Amino acid sequence: MDSNSNAYITGGTNFTDIPLLNAYQGLNEGGFDAFVAKINPSGVTGGQLLYSTYLGGSGDDVGFGVAVDSSPDAYVTGWTTSTDFNAGTTGTVALQPSNGGGTDAFLAKIGIACVGTGCVTFDVPLDYFSYLGGAGTDVATSVAVDNSGGARVIGWTNSPNFPIVGSPVQSTFGGGTSDAFFATIDTDATCSPIVTPTCAATSSTSYFGGTGADFGTSVALDLQGASYLAGETASASGFPLKNPVEGALSGPSDAFVSKFAPVLNLTMLPPTATPLVVGMGSQVSFAYTITNNGEFTNGVTFVDYLPAAGATFVSATASPGTCGAPTNQTVLCNIGTLNAAATATVTVILTPVAPALAGGTVSLGNSGSAFVGQSLLASASASVTVNDFSLKVAPATATVVAGVPAIFTATITPSSNSGFPDSVSISCGSGLPTATTCVPGNNNPIPNLDTGAQSSQLVINTTTRVSTTTDLRHGGGPGIPFYATWLPVSGLSLLGVGLGGKTSRRRRVLMSLLLSGLFALLLFLPGCHSAAPVTTTTGTPAGTYPVTINAVSGSATRTTVVTLVVQ
């Protein structure tokens with residue numbers, strides 16, 4: 001069954017008219033052919049069959065076991081006497097491309113039919129096929145499959161030259177009339193160790209039996225990649241036992257059950273550190289490659305040990321897999337499944353931070369370990385050189401008249417002869433007076449310090465001071481013309497009073513009123529003139545200013561203070 005409750009069926013038939021649909025092979029090639037069918041038991045009447053195909057050659061071919069992965073691809077195993085079994089596979093290499101003689105076991109992988117628009121055909125493809133056997137009789141009875149293209153096949157053989165590859169539990173025939181056999185076959189392989197001895201063995205095969213008749217009948221596997229075998233044995237001696245519940249044969253034949261743990265062999269070379277010399281404040285990456293030199297396994301994890309000081313964590317990524325956030329200076333990455341000969345990469349990125357003594361050179365290291373479950377299988381580490389830089393600005397004090405630029409020269413010096421590979425930008429920070437601008441000069445940013453100290457200019461442009469005086473006139477009152485008219489009139493009135501001869505009391509009172517009005521007009525006259533002059537000054541004010549100069553590379557900043565005197 002697959003995850004959608006579709007059923008997969010295999011067997012053998014000599015009929016030439018079985019129902020076919022989307023078939024890879026539309027005809028019986030002769031004698032008995034294997035067949036494979038996919039059925040949706042919940043489908044509507046007439047629509048339950050999803051595909052059905054013959055599978056065989058000119059001899060006899062029978063399917064004994066079928067399994068399905070998450071794709072879902074169907075894996076079929078059984079026996080065949082055909083030497084021309086259809087093997088129109090694409091992109092993979094058979095473990096054993098030809099019949100070893102007589103009756104051989106076989107493994108076939110049926111892919112997914114094309115669906116939707118643009119399909120040339122809706123027939124299911126044959127994505128993998130391999131014989132498995134020697135000069136005698138070899139029969140596969142059951143198959144199980146992981147989700148990395150690896151099939152577990154069990155059966156029996158009497159071939160003394162059954163092909164043995166990988167890491168066998170038993171490399172020679174045990175005796176009697178037959179031995180069980182067990183095989184892990186990589187259906188995504190790109191080379192065959194049987195055909196090419198220098199090919200990395202991503203598949204493995206093994207005899208499994210003693211001096212009597214032994215048959216393998218069923219196989220299963222767990223999430224960690226361990227395989228469980230069951231079958232029948234008549235071997236009173238020589239049968240491979242380990243930690244047995246029952247250590248001796250109890251009758252003519254007994255059942256047996258065995259657990260094959262995967263051969264675990266993860267390796268790691270020292271990670272690739274990039275760059276080997278890094279500037280303070282710039283990122284450095286450590287790329288680990290984990291290689292599975294054993295068999296298919298699950299539950300692979302990687303633990304990165306972050307440095308206790310001297311760097312900040314940026315990120316960690318795994319392919320395949322995912323990485324979590326740092327906890328107690330460690331980062332856990334879940335790789336998951338690794339097939340035989342497969343690799344996984346983990347990249348950890350850090351940013352070096354300034355050491356306690358700025359301007360120095362330090363070493364930044366990183367290390368990691370690969371595990372399966374709780375078992376430590378491989379560790380590796382690497383380190384890089386982290387160089388700092390220092391900032392010096394001359395002159396320490398610059399005195400200029402407003403309107404004249406002040407020119408400072410900043411010199412950046414690496415902490416080591418190995419240089420500083422990253423760029424450094426120089427700029428003004430706080431402290432600039434008003435009406436000034438700070439303009440970077442040549443060689444800014446400095447691309448690197450690989451050849452030693454580098455210099456760059458900063459120009460602080462001041463602005464000439466300009467004073468502007470303004471005279472604002474009052475509005476809305478009688479103003480000077482009014483008072484200029486009444487002052488003479490008042491004077492003539494006084495003159496007329498004075499010429500009038502003898503004074504009387506009435507004349508004296510009138511004269512007093514006229515004199516009072518005259519003096520009042522004289523008092524109001526200044527207020528009727530223009531307001532006090534307003535003087536505005538623009539430009540860079542005179543004064544002494546401490547100005548901060550910054551040199552920045554990545555997240556690292558070095559500062560110093562210079563003095564700008566404006567006259």
# chains A, B, ... in the order shown; residues from 1 in each chain; ligands from 1
call {"tool": "closest_atom_pairs", "arguments": {"of": "range 217-302 of chain A", "to": "range 189-206 of chain A", "cutoff": "10 Å", "atoms": "only C-alpha atoms", "output": "tab-separated table"}}
result
residue	atom	partner	partner_atom	distance
A:Asn292	CA	A:Thr202	CA	9.6
A:Asn293	CA	A:Thr202	CA	8.4
A:Gly294	CA	A:Thr202	CA	8.1
A:Glu295	CA	A:Thr202	CA	7.0
A:Phe296	CA	A:Thr202	CA	8.4
call {"tool": "residues_around", "arguments": {"residues": "Ala213 in chain A", "least_positions_apart": "3", "cutoff": "8 Å", "atoms": "only C-alpha atoms", "output": "mmCIF file with C-alpha atoms, in the first residue's frame"}}
result
data_model
loop_
_atom_site.group_PDB
_atom_site.id
_atom_site.type_symbol
_atom_site.label_atom_id
_atom_site.label_comp_id
_atom_site.auth_asym_id
_atom_site.auth_seq_id
_atom_site.Cartn_x
_atom_site.Cartn_y
_atom_site.Cartn_z
ATOM 1 C CA GLY A 175 26.916 -25.390 2.570
ATOM 2 C CA GLY A 176 23.902 -27.625 2.285
ATOM 3 C CA THR A 177 21.402 -27.330 -0.505
ATOM 4 C CA SER A 178 20.871 -23.563 -0.200
ATOM 5 C CA ASP A 179 21.703 -20.453 1.760
ATOM 6 C CA GLY A 209 23.243 -19.694 6.093
ATOM 7 C CA GLY A 210 24.919 -22.784 7.550
ATOM 8 C CA THR A 233 16.807 -22.962 8.385
ATOM 9 C CA ALA A 234 17.686 -26.627 8.650
ATOM 10 C CA SER A 235 21.320 -25.872 9.543
#
call {"tool": "select_by_dssp", "arguments": {"residues": "range 234-442 of chain A", "states": "strand (DSSP E)", "output": "VMD selection string"}}
result
chain A and resid 254 to 260 266 to 268 272 to 274 277 to 279 284 to 292 297 to 305 311 to 319 322 to 323 330 to 338 343 to 352 361 to 372 375 to 387 389 to 394 397 to 400 406 to 414 425 to 428 437 to 440
call {"tool": "closest_residue", "arguments": {"among": "A:Gly116, A:Gly65, A:Gly212, A:Gly336", "to": "Ala34 in chain A", "atoms": "only C-alpha atoms"}}
result
A:Gly65
call {"tool": "closest_residue", "arguments": {"among": "A:Met268, A:Ala236, A:Val169, A:Leu95", "to": "Ala248 in chain A", "atoms": "only C-alpha atoms"}}
result
A:Ala236
call {"tool": "closest_residue", "arguments": {"among": "A:Thr451, A:Thr211, A:Ser383, A:Gln329", "to": "Pro275 in chain A", "atoms": "only C-alpha atoms"}}
result
A:Ser383
call {"tool": "residues_around", "arguments": {"residues": "Ala410 in chain A", "least_positions_apart": "5", "cutoff": "10 Å", "atoms": "only C-alpha atoms", "output": "ChimeraX atom specification"}}
result
/A:391-395,426-427,454-458,549-551,560
call {"tool": "write_last_selection", "arguments": {"atoms": "C-alpha atoms", "output": "short mmCIF file (atom, residue, chain, number, x, y, z; two decimals), in the first residue's frame"}}
result
data_model
loop_
_atom_site.label_atom_id
_atom_site.label_comp_id
_atom_site.auth_asym_id
_atom_site.auth_seq_id
_atom_site.Cartn_x
_atom_site.Cartn_y
_atom_site.Cartn_z
CA LEU A 391 43.44 54.23 12.68
CA LYS A 392 45.70 57.27 12.92
CA VAL A 393 44.77 60.78 11.66
CA ALA A 394 47.10 63.71 11.06
CA PRO A 395 47.29 66.50 11.90
CA ILE A 426 36.68 56.48 6.49
CA SER A 427 34.19 59.16 7.49
CA GLN A 454 47.02 52.70 3.28
CA SER A 455 46.10 56.40 3.57
CA SER A 456 43.12 58.47 2.54
CA GLN A 457 42.17 62.12 2.96
CA LEU A 458 39.14 63.69 4.58
CA ILE A 549 36.85 60.24 12.71
CA ASN A 550 35.55 56.68 12.00
CA ALA A 551 37.15 53.82 10.10
CA THR A 560 39.89 58.73 16.91
#
call {"tool": "atom_distance", "arguments": {"atom1": "CA of Ser58 in chain A", "atom2": "CA of Asp104 in chain A"}}
result
14.1 Å
call {"tool": "atom_distance", "arguments": {"atom1": "CA of Phe208 in chain A", "atom2": "CA of Val62 in chain A"}}
result
23.1 Å
call {"tool": "residues_around", "arguments": {"residues": "range 97-102 of chain A", "least_positions_apart": "6", "cutoff": "12 Å", "atoms": "only C-alpha atoms", "output": "ChimeraX atom specification"}}
result
/A:57,59-60,79-89,108,128-139,157-163,191-196
call {"tool": "atom_distance", "arguments": {"atom1": "CA of Asn339 in chain A", "atom2": "CA of Ile290 in chain A"}}
result
11.7 Å
call {"tool": "residues_around", "arguments": {"residues": "Leu338 in chain A", "least_positions_apart": "5", "cutoff": "9 Å", "atoms": "only C-alpha atoms", "output": "NGL selection string"}}
result
:A and (148 or 291-292 or 295-300 or 320 or 343-344)
call {"tool": "closest_residue", "arguments": {"among": "A:Gly225, A:Val314, A:Ala37, A:Thr563", "to": "Ile407 in chain A", "atoms": "only C-alpha atoms"}}
result
A:Thr563
call {"tool": "closest_residue", "arguments": {"among": "A:Tyr228, A:Tyr207, A:Trp156, A:Phe313", "to": "Ala261 in chain A", "atoms": "only C-alpha atoms"}}
result
A:Tyr228
call {"tool": "closest_residue", "arguments": {"among": "A:Val124, A:Ala180, A:Ala7, A:Val277", "to": "Asp422 in chain A", "atoms": "only C-alpha atoms"}}
result
A:Val277
call {"tool": "residues_around", "arguments": {"residues": "Val303 in chain A", "least_positions_apart": "5", "cutoff": "6 Å", "atoms": "only C-alpha atoms", "output": "PyMOL selection string"}}
result
chain A and resi 331-332+368-369
